[in-house]
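Single-structure report; data block below.
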Amino acid sequence: MTHMKDFKQRFWFLIFSIIINSTGNALTISTNLGSAVWTASSVNLADWIHISLGTTLFVYGVVVTIANQFFIGHFDGRRLISNLLYTVPFSYLVQFITVFWNWVGVPNLNLFWRIVLDIFGIMLISAAVSIYQRCNLILHPNDDLSYILRFKFMHGSAILGQWVSYSLPVVITILAVIFTKHLTAVGFGTILALTAQGAMMNWSDTHVFPSLKHHVDFRTN
């Protein structure tokens with residue numbers, strides 16, 4: 001992997017993206033105004049099966065990692081390992097940083113500032129996904145799924161790839177609500193992510209570190 005083109009640059013961008021992705025997801029959870037679609041689904045799934053958010057995010061990641069192998073049409077050991085490598089630090093960083101945001105008082109801010117922070121959190125997530133999808137060293141399996149769908153089936157459209165990838169977390173959220181009779185972490189931010197995150201990612205591709213280009217590593221249609 002160290003012999004890949006631009007490896008050093010891509011590696012440091014990757015580390016930066018993991019931090020801002022975890023920070024953005026944790027911020028949307030702490031505002032309690034609606035998290036990104038996958039995160040909101042994980043919060044409701046954790047409530048349904050009664051395990052910690054970090055562990056739920058990890059289990060989600062493992063399941064989607066396996067699904068990604070089917071979507072690319074062949075076994076890719078590097079992709080399998082990279083998906084799992086991203087899942088572990090991200091899952092528990094989100095849980096830890098959420099505790100931090102709660103500690104500094106984000107949930108107690110007035111509605112205006114929580115809306116501002118929720119929007120900022122979704123923007124951070126979108127920028128982070130754009131950055132590490134372009135790096136393409138290791139990807140969170142959820143975002144690797146949208147990446148595969150985007151370039152293999154959706155002719156490069158981040159918007160369509162994102163929307164199609166959301167079908168699984170939306171179904172899981174609906175099932176969780178049916179069984180728990182309780183809806184958590186779904187709201188303004190979730191709707192914003194559902195409708196605009198793909199567009200934010202497209203914008204980030206050309207405006208956030210534009211010198212960083214996509215490194216697609218599978219055959220596209």
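Naming works like this for the structure tokens: A, B, ... for the chains as they're shown, residue 1 at the start of each chain, ligands 1 onward in shown order.
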Secondary structure check, helix (DSSP H, G or I) residues of stretch 129-177 of chain A, as number ranges by chain: A: 129-135, 141-153, 158-165, 167-177
Neighbour list for stretch 55-68 of chain A as a ChimeraX atom specification, cut-off 12 Å, only C-alpha atoms, skip fewer than 4 positions in-chain: /A:22,25,38-51,72-95,138-149,152,165-166,168-169,172
Atomic distance atom CA of A:Arg134 - atom CA of A:Trp163, expressed in Å with one decimal: 19.0 Å
Among listed residues A:Ile174, A:Leu137, A:Val186, A:Ile191, nearest A:Phe11 (using only C-alpha atoms):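 Residue with the minimum atom-to-atom distance to A:Phe11: A:Leu137.
Distances to A:Ala128 were evaluated for A:Val99, A:Val170, A:Val208, A:Val37 using only C-alpha atoms, and the minimum falls at A:Val208.
For the residues A:His207, A:Asp118, A:Gly34, A:Ala176, ranking by smallest atom-to-atom distance to A:Val106 using only C-alpha atoms places A:Asp118 first.
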Two-atom distance - atom CA of A:Val116, atom CA of A:Ala26 (Å):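 Distance reported for this atom pair: 14.4 Å.
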